[in-house]
>>> print(open('entry_1.cif').read())   # mmCIF, C-alpha atoms
data_structure
#
loop_
_atom_site.label_atom_id
_atom_site.label_comp_id
_atom_site.auth_asym_id
_atom_site.auth_seq_id
_atom_site.Cartn_x
_atom_site.Cartn_y
_atom_site.Cartn_z
CA MET A 1 3.40 21.76 24.32
CA LYS A 2 4.07 20.77 20.73
CA LEU A 3 7.22 18.71 20.33
CA ALA A 4 8.61 16.40 17.66
CA VAL A 5 11.52 14.26 16.58
CA LEU A 6 12.83 15.08 13.11
CA GLY A 7 14.66 12.59 10.92
CA ASP A 8 14.58 10.23 7.96
CA PRO A 9 13.74 7.47 8.68
CA VAL A 10 12.01 8.22 11.96
CA ALA A 11 9.11 5.77 12.35
CA HIS A 12 11.32 3.46 14.45
CA SER A 13 12.13 6.17 17.02
CA LEU A 14 11.22 5.51 20.64
CA SER A 15 11.48 9.21 21.50
CA PRO A 16 7.69 9.70 21.24
CA VAL A 17 7.18 6.90 23.77
CA LEU A 18 9.59 8.51 26.22
CA HIS A 19 8.42 12.08 25.92
CA ARG A 20 4.70 11.35 25.88
CA ALA A 21 5.23 9.48 29.13
CA ALA A 22 7.11 12.46 30.54
CA LEU A 23 4.35 14.90 29.56
CA ASP A 24 1.73 12.61 31.08
CA ALA A 25 3.69 12.21 34.31
CA TYR A 26 3.63 15.95 34.87
CA GLY A 27 0.11 16.42 33.53
CA ILE A 28 1.39 18.73 30.79
CA PRO A 29 -1.06 19.01 27.88
CA GLY A 30 0.68 18.50 24.57
CA GLU A 31 1.91 16.16 21.90
CA TYR A 32 5.17 14.68 20.68
CA ARG A 33 5.21 13.47 17.09
CA ALA A 34 7.67 11.67 14.83
CA LEU A 35 8.08 13.73 11.66
CA ARG A 36 9.90 12.34 8.64
CA VAL A 37 11.59 15.29 6.95
CA ASP A 38 14.20 15.89 4.27
CA ALA A 39 16.63 18.83 4.34
CA ALA A 40 13.98 21.28 3.16
CA GLY A 41 11.57 19.94 5.76
CA MET A 42 14.21 20.47 8.42
CA ALA A 43 14.45 24.14 7.51
CA GLN A 44 10.66 24.44 7.66
CA ALA A 45 10.56 22.74 11.06
CA VAL A 46 13.20 25.08 12.47
CA ASP A 47 11.18 28.03 11.19
CA ALA A 48 8.10 26.56 12.89
CA ILE A 49 10.01 26.49 16.19
CA ARG A 50 11.13 30.07 15.65
CA ARG A 51 7.51 31.16 15.11
CA GLY A 52 6.28 29.20 18.13
CA GLU A 53 4.29 26.67 16.11
CA LEU A 54 6.56 24.01 17.65
CA ASP A 55 7.99 24.41 21.14
CA GLY A 56 11.04 22.27 20.44
CA ALA A 57 12.32 19.19 18.70
CA ASN A 58 14.75 16.33 18.83
CA VAL A 59 16.84 15.65 15.73
CA THR A 60 18.00 12.24 14.61
CA MET A 61 19.92 10.94 11.60
CA PRO A 62 20.73 12.18 9.06
CA HIS A 63 20.04 15.79 10.09
CA LYS A 64 22.14 16.44 13.22
CA ALA A 65 24.86 18.34 11.37
CA LEU A 66 22.28 20.25 9.33
CA ALA A 67 20.44 21.23 12.52
CA LEU A 68 23.60 22.95 13.75
CA THR A 69 23.68 25.17 10.67
CA LEU A 70 19.95 25.95 10.87
CA ALA A 71 19.91 26.96 14.54
CA ASP A 72 20.35 30.63 15.44
CA ASP A 73 22.93 29.70 18.07
CA ALA A 74 24.28 26.55 19.69
CA ALA A 75 25.71 25.41 22.99
CA GLU A 76 29.46 24.93 23.06
CA VAL A 77 29.28 21.14 23.22
CA ALA A 78 27.04 21.07 20.14
CA ARG A 79 29.45 23.30 18.24
CA ARG A 80 32.40 21.12 19.21
CA ALA A 81 30.57 17.92 18.27
CA GLY A 82 29.37 19.45 15.01
CA ALA A 83 25.92 18.06 15.72
CA VAL A 84 22.62 19.09 17.31
CA ASN A 85 20.05 16.62 18.60
CA THR A 86 17.82 19.03 20.55
CA LEU A 87 16.30 22.32 19.40
CA VAL A 88 14.95 24.76 21.98
CA ARG A 89 13.03 27.99 21.41
CA VAL A 90 14.28 30.91 23.51
CA THR A 91 12.56 34.30 22.98
CA GLY A 92 11.97 33.64 19.30
CA ARG A 93 15.41 32.18 18.59
CA VAL A 94 16.28 28.54 18.03
CA ILE A 95 19.15 27.24 20.14
CA GLY A 96 20.84 23.93 19.32
CA HIS A 97 22.04 21.51 21.98
CA ASN A 98 23.67 18.10 22.00
CA THR A 99 22.37 16.00 24.87
CA ASP A 100 24.22 12.87 23.74
CA THR A 101 27.30 13.97 25.69
CA VAL A 102 25.50 14.42 29.00
CA GLY A 103 23.60 11.23 28.13
CA VAL A 104 26.87 9.31 28.07
CA GLN A 105 27.92 10.77 31.41
CA THR A 106 24.58 10.03 33.07
CA ALA A 107 24.29 6.47 31.77
CA TRP A 108 27.94 5.87 32.70
CA ARG A 109 27.04 6.60 36.34
CA TRP A 110 23.93 4.42 36.19
CA GLY A 111 26.00 1.48 35.00
CA GLY A 112 28.71 1.86 37.64
CA LEU A 113 31.47 2.01 35.03
CA PRO A 114 34.94 2.92 36.34
CA ASP A 115 35.51 6.64 36.92
CA ASP A 116 39.20 6.28 36.08
CA GLY A 117 41.29 4.00 33.93
CA PRO A 118 41.54 3.77 30.15
CA VAL A 119 38.67 4.00 27.66
CA ILE A 120 38.55 2.85 24.03
CA VAL A 121 35.86 4.41 21.81
CA LEU A 122 34.95 2.38 18.73
CA GLY A 123 33.89 4.48 15.75
CA ALA A 124 34.55 7.94 14.34
CA GLY A 125 31.07 9.33 13.62
CA GLY A 126 28.64 11.50 15.55
CA ALA A 127 28.06 9.01 18.38
CA ALA A 128 31.81 8.62 18.81
CA ALA A 129 32.22 12.41 18.92
CA ALA A 130 29.69 12.64 21.76
CA ALA A 131 31.45 9.87 23.67
CA VAL A 132 34.89 11.41 23.22
CA LEU A 133 33.65 14.80 24.46
CA ALA A 134 31.90 13.18 27.41
CA LEU A 135 35.09 11.35 28.39
CA GLU A 136 37.55 14.17 27.70
CA GLY A 137 40.42 14.12 30.18
CA ARG A 138 40.45 10.35 30.56
CA ASP A 139 43.15 8.00 29.21
CA LEU A 140 41.37 7.87 25.87
CA ALA A 141 41.83 5.95 22.63
CA VAL A 142 39.72 5.86 19.47
CA ALA A 143 39.60 2.85 17.16
CA ALA A 144 37.93 2.98 13.76
CA ARG A 145 37.91 0.94 10.58
CA ARG A 146 40.04 3.69 9.03
CA PRO A 147 42.72 4.87 11.49
CA GLU A 148 42.89 8.26 9.76
CA ALA A 149 39.20 8.81 10.61
CA ALA A 150 39.94 8.24 14.30
CA ARG A 151 42.89 10.64 14.08
CA ASP A 152 40.77 13.27 12.34
CA LEU A 153 38.03 12.96 14.97
CA LEU A 154 40.41 13.66 17.84
CA ALA A 155 41.94 16.58 15.96
CA ARG A 156 38.57 18.11 15.07
CA LEU A 157 37.33 17.88 18.64
CA GLY A 158 40.60 19.13 20.11
CA VAL A 159 40.72 16.20 22.53
CA THR A 160 43.93 14.51 23.61
CA GLY A 161 43.92 10.82 22.81
CA ARG A 162 45.56 8.13 20.75
CA VAL A 163 44.53 5.96 17.83
CA ALA A 164 44.11 2.28 18.64
CA ASP A 165 43.85 -0.84 16.51
CA LEU A 166 40.18 -1.75 16.04
CA GLY A 167 40.90 -5.45 16.48
CA ALA A 168 43.18 -5.25 19.51
CA PRO A 169 42.09 -6.49 22.97
CA ALA A 170 40.98 -3.70 25.33
CA ARG A 171 43.10 -4.77 28.27
CA GLY A 172 41.82 -3.07 31.40
CA ALA A 173 39.82 -0.52 29.40
CA VAL A 174 36.13 0.28 29.15
CA VAL A 175 34.98 -0.33 25.58
CA VAL A 176 32.52 2.24 24.21
CA ASN A 177 30.80 0.92 21.10
CA ALA A 178 29.80 4.03 19.14
CA THR A 179 29.19 2.08 15.93
CA PRO A 180 25.96 0.46 14.66
CA ILE A 181 27.48 -3.00 15.19
CA GLY A 182 25.01 -5.03 17.22
CA MET A 183 21.79 -3.34 16.15
CA GLN A 184 20.99 -6.27 13.85
CA GLY A 185 22.60 -8.90 16.05
CA GLU A 186 26.13 -8.48 14.69
CA GLU A 187 29.05 -9.27 16.96
CA LEU A 188 32.03 -7.04 17.66
CA PRO A 189 35.40 -8.51 16.62
CA ASP A 190 36.16 -11.30 19.08
CA ALA A 191 39.33 -9.87 20.60
CA ILE A 192 38.04 -6.41 21.50
CA LEU A 193 36.12 -7.28 24.65
CA GLN A 194 38.67 -9.74 25.99
CA GLU A 195 40.08 -8.36 29.27
CA ALA A 196 37.87 -5.25 29.08
CA SER A 197 36.95 -3.63 32.41
CA GLY A 198 33.48 -2.61 31.21
CA LEU A 199 31.23 -2.00 28.22
CA PHE A 200 29.16 0.99 27.12
CA ASP A 201 27.21 -0.13 24.06
CA MET A 202 25.37 2.69 22.29
CA ALA A 203 23.86 0.29 19.76
CA TYR A 204 20.51 -1.23 20.55
CA GLY A 205 17.97 -3.38 18.79
CA ALA A 206 14.91 -5.41 19.65
CA THR A 207 16.95 -7.42 22.16
CA ALA A 208 20.25 -6.93 23.97
CA THR A 209 23.20 -6.84 21.59
CA PRO A 210 25.65 -9.77 21.57
CA ALA A 211 28.26 -7.52 23.21
CA VAL A 212 25.91 -6.63 26.07
CA GLN A 213 24.95 -10.29 26.52
CA TRP A 214 28.63 -11.22 26.69
CA ALA A 215 29.43 -8.50 29.25
CA ARG A 216 26.55 -9.58 31.46
CA ARG A 217 27.68 -13.20 31.34
CA GLU A 218 31.21 -12.14 32.25
CA GLY A 219 29.95 -10.00 35.14
CA ILE A 220 31.65 -6.78 34.07
CA PRO A 221 29.90 -3.39 34.39
CA VAL A 222 27.75 -2.67 31.36
CA VAL A 223 25.59 0.13 29.95
CA ALA A 224 23.21 -0.84 27.16
CA GLY A 225 21.85 1.34 24.36
CA PRO A 226 18.40 1.89 25.91
CA ASP A 227 20.06 3.51 28.95
CA MET A 228 21.80 5.98 26.65
CA LEU A 229 18.52 6.65 24.83
CA LEU A 230 16.77 7.39 28.12
CA ALA A 231 19.56 9.54 29.52
CA GLN A 232 19.77 11.85 26.51
CA ALA A 233 15.96 12.10 26.37
CA MET A 234 15.87 13.19 30.01
CA ALA A 235 18.40 15.92 29.26
CA SER A 236 16.27 17.13 26.32
CA PHE A 237 13.16 17.25 28.50
CA ARG A 238 14.94 19.38 31.07
CA LEU A 239 16.04 21.85 28.41
CA TRP A 240 12.47 22.27 27.16
CA MET A 241 10.68 22.30 30.50
CA GLY A 242 13.21 23.71 32.95
CA ARG A 243 12.48 20.90 35.38
CA PRO A 244 13.90 17.41 36.00
CA ALA A 245 12.62 14.66 33.76
CA PRO A 246 10.43 11.97 35.38
CA GLU A 247 12.94 9.15 35.06
CA ALA A 248 10.78 6.38 36.54
CA ALA A 249 7.82 7.10 34.24
CA MET A 250 10.05 7.35 31.18
CA ARG A 251 11.86 4.13 32.03
CA ARG A 252 8.59 2.26 32.53
CA ALA A 253 7.38 3.46 29.13
CA LEU A 254 10.64 2.37 27.51
CA ASP A 255 10.48 -1.03 29.18
CA ASP A 256 6.89 -1.51 28.00
CA ALA A 257 7.79 -0.52 24.43
CA ARG A 258 10.74 -2.91 24.37
CA GLY A 259 9.01 -5.74 26.21
CA GLY A 260 11.37 -5.91 29.17
CA PRO A 261 13.56 -4.03 31.64
CA SER A 262 15.92 -1.54 30.00
CA GLY A 263 18.37 -1.10 32.83
CA PRO A 264 18.73 0.28 36.35
CA ALA A 265 15.66 1.36 38.29
#
>>> encode(input="entry_1.cif", output="structure tokens")
Amino acid sequence: MKLAVLGDPVAHSLSPVLHRAALDAYGIPGEYRALRVDAAGMAQAVDAIRRGELDGANVTMPHKALALTLADDAAEVARRAGAVNTLVRVTGRVIGHNTDTVGVQTAWRWGGLPDDGPVIVLGAGGAAAAAVLALEGRDLAVAARRPEAARDLLARLGVTGRVADLGAPARGAVVVNATPIGMQGEELPDAILQEASGLFDMAYGATATPAVQWARREGIPVVAGPDMLLAQAMASFRLWMGRPAPEAAMRRALDDARGGPSGPA
């Protein structure tokens, strides 16, 4: 198997760690590389998948929207999100998928977050789109720095929800941080987490984000960014291999790379 993650920058990606561990766990000969590519390089990589020179690829920023246009076809959730993070070769055609949505749903279960009750998604970009689609049908609100961006996101996705104030307390709601806030140790606005019923923080850095640390101190259910990373990687593996991903092996590899436990066993 020849697999890769495509992006710019991409050297920081932990996807090679996860997927090499998965290949090793099943004894599948192959490689998974991090390839830094521009837009032209993306087109070349998609052609390589089409020709069978690559068996598949993950796509990271800033090329997820471009990947949708380069694929021969795409799953419905990828079309709705306007973004592809997994490319799969099927009989000489390249099919685009978005495993971020199922990643949210899987990690949500791991963290024991409430199955009902309100949810507030922070942000209006690609990560927020995946979260909104994953949580469609819930009592849903979106809060962004620009309220019109939150309104446009809901309209584009065709999801029923409301626009919330980014600085307002999330009383009784699960807060989903779909912004980069926290990756460099930044804190979310103080009021947001007050009275929240849980936290799903997509951001992750070298250590737990301040929001995750706060939620753990308060004893509320929490999902941290590494859990989301693992969950979407497992969904990608299943698309390529047609078999369940080896969760335990992938989690151990992630823990080793990060220097500590990443979440549930």
>>> resolve_selection(input="entry_1.cif", expression="the PyMOL selection byres ((chain A and resi 49-65) around 7)", output="ChimeraX atom specification")
/A:1-8,45-48,66-69,82-89,92-94,240
>>> closest_residue(input="entry_1.cif", among="A:Arg20, A:Arg145, A:Arg138, A:Arg109", to="Leu122 in chain A", atoms="all atoms listed in the file")
A:Arg145
>>> resolve_selection(input="entry_1.cif", expression="the PyMOL selection byres ((chain A and resi 174-182) around 8)", output="PyMOL selection string")
chain A and resi 113-114+117-125+127-128+131+170+172-173+183-188+192-193+196-205+209-211
>>> resolve_selection(input="entry_1.cif", expression="the PyMOL selection byres ((chain A and resi 246-252) around 6)", output="number ranges by chain")
A: 18, 21-22, 245, 253-255
>>> atom_distance(input="entry_1.cif", atom1="CA of Ala257 in chain A", atom2="CA of Thr99 in chain A")
22.0 Å
>>> atom_distance(input="entry_1.cif", atom1="CA of Glu195 in chain A", atom2="CA of Ile220 in chain A")
9.8 Å
>>> atom_distance(input="entry_1.cif", atom1="CA of Ala141 in chain A", atom2="CA of Asp227 in chain A")
22.8 Å
>>> residues_around(input="entry_1.cif", residues="Thr106 in chain A", least_positions_apart="3", cutoff="10 Å", atoms="only C-alpha atoms", output="VMD selection string")
chain A and resid 100 to 103 109 to 111 134 227 to 228 230 to 232 234 to 235
>>> residues_around(input="entry_1.cif", residues="Gly167 in chain A", least_positions_apart="2", cutoff="7 Å", atoms="all atoms listed in the file", output="ChimeraX atom specification")
/A:165,169,189,191-192
>>> closest_residue(input="entry_1.cif", among="A:Gln213, A:Thr160, A:Asn98, A:Thr207", to="Pro226 in chain A", atoms="all atoms listed in the file")
A:Thr207
>>> build_atoms(input="entry_1.cif", residues="range 98-114 of chain A", atoms="N, CA and C atoms", output="tab-separated table (two decimals), in the coordinates of the input")
chain	number	residue	atom	x	y	z
A	98	ASN	N	23.35	19.51	22.21
A	98	ASN	CA	23.67	18.10	22.00
A	98	ASN	C	23.61	17.40	23.35
A	99	THR	N	22.53	16.67	23.59
A	99	THR	CA	22.37	16.00	24.87
A	99	THR	C	22.99	14.60	24.88
A	100	ASP	N	23.57	14.18	23.77
A	100	ASP	CA	24.22	12.87	23.74
A	100	ASP	C	25.41	12.83	24.70
A	101	THR	N	26.13	13.95	24.81
A	101	THR	CA	27.30	13.97	25.69
A	101	THR	C	26.90	13.80	27.15
A	102	VAL	N	25.95	14.58	27.62
A	102	VAL	CA	25.50	14.42	29.00
A	102	VAL	C	24.80	13.07	29.16
A	103	GLY	N	24.20	12.56	28.08
A	103	GLY	CA	23.60	11.23	28.13
A	103	GLY	C	24.63	10.16	28.42
A	104	VAL	N	25.79	10.26	27.79
A	104	VAL	CA	26.87	9.31	28.07
A	104	VAL	C	27.28	9.39	29.54
A	105	GLN	N	27.46	10.60	30.03
A	105	GLN	CA	27.92	10.77	31.41
A	105	GLN	C	26.90	10.24	32.42
A	106	THR	N	25.62	10.49	32.16
A	106	THR	CA	24.58	10.03	33.07
A	106	THR	C	24.46	8.51	33.06
A	107	ALA	N	24.41	7.92	31.87
A	107	ALA	CA	24.29	6.47	31.77
A	107	ALA	C	25.54	5.78	32.31
A	108	TRP	N	26.69	6.42	32.15
A	108	TRP	CA	27.94	5.87	32.70
A	108	TRP	C	27.80	5.69	34.21
A	109	ARG	N	27.23	6.69	34.89
A	109	ARG	CA	27.04	6.60	36.34
A	109	ARG	C	26.02	5.51	36.68
A	110	TRP	N	24.93	5.45	35.92
A	110	TRP	CA	23.93	4.42	36.19
A	110	TRP	C	24.54	3.04	36.15
A	111	GLY	N	25.44	2.81	35.19
A	111	GLY	CA	26.00	1.48	35.00
A	111	GLY	C	27.16	1.15	35.93
A	112	GLY	N	27.60	2.11	36.73
A	112	GLY	CA	28.71	1.86	37.64
A	112	GLY	C	30.03	1.59	36.93
A	113	LEU	N	30.20	2.19	35.75
A	113	LEU	CA	31.47	2.01	35.03
A	113	LEU	C	32.58	2.75	35.76
A	114	PRO	N	33.82	2.31	35.61
A	114	PRO	CA	34.94	2.92	36.34
A	114	PRO	C	35.08	4.41	36.03
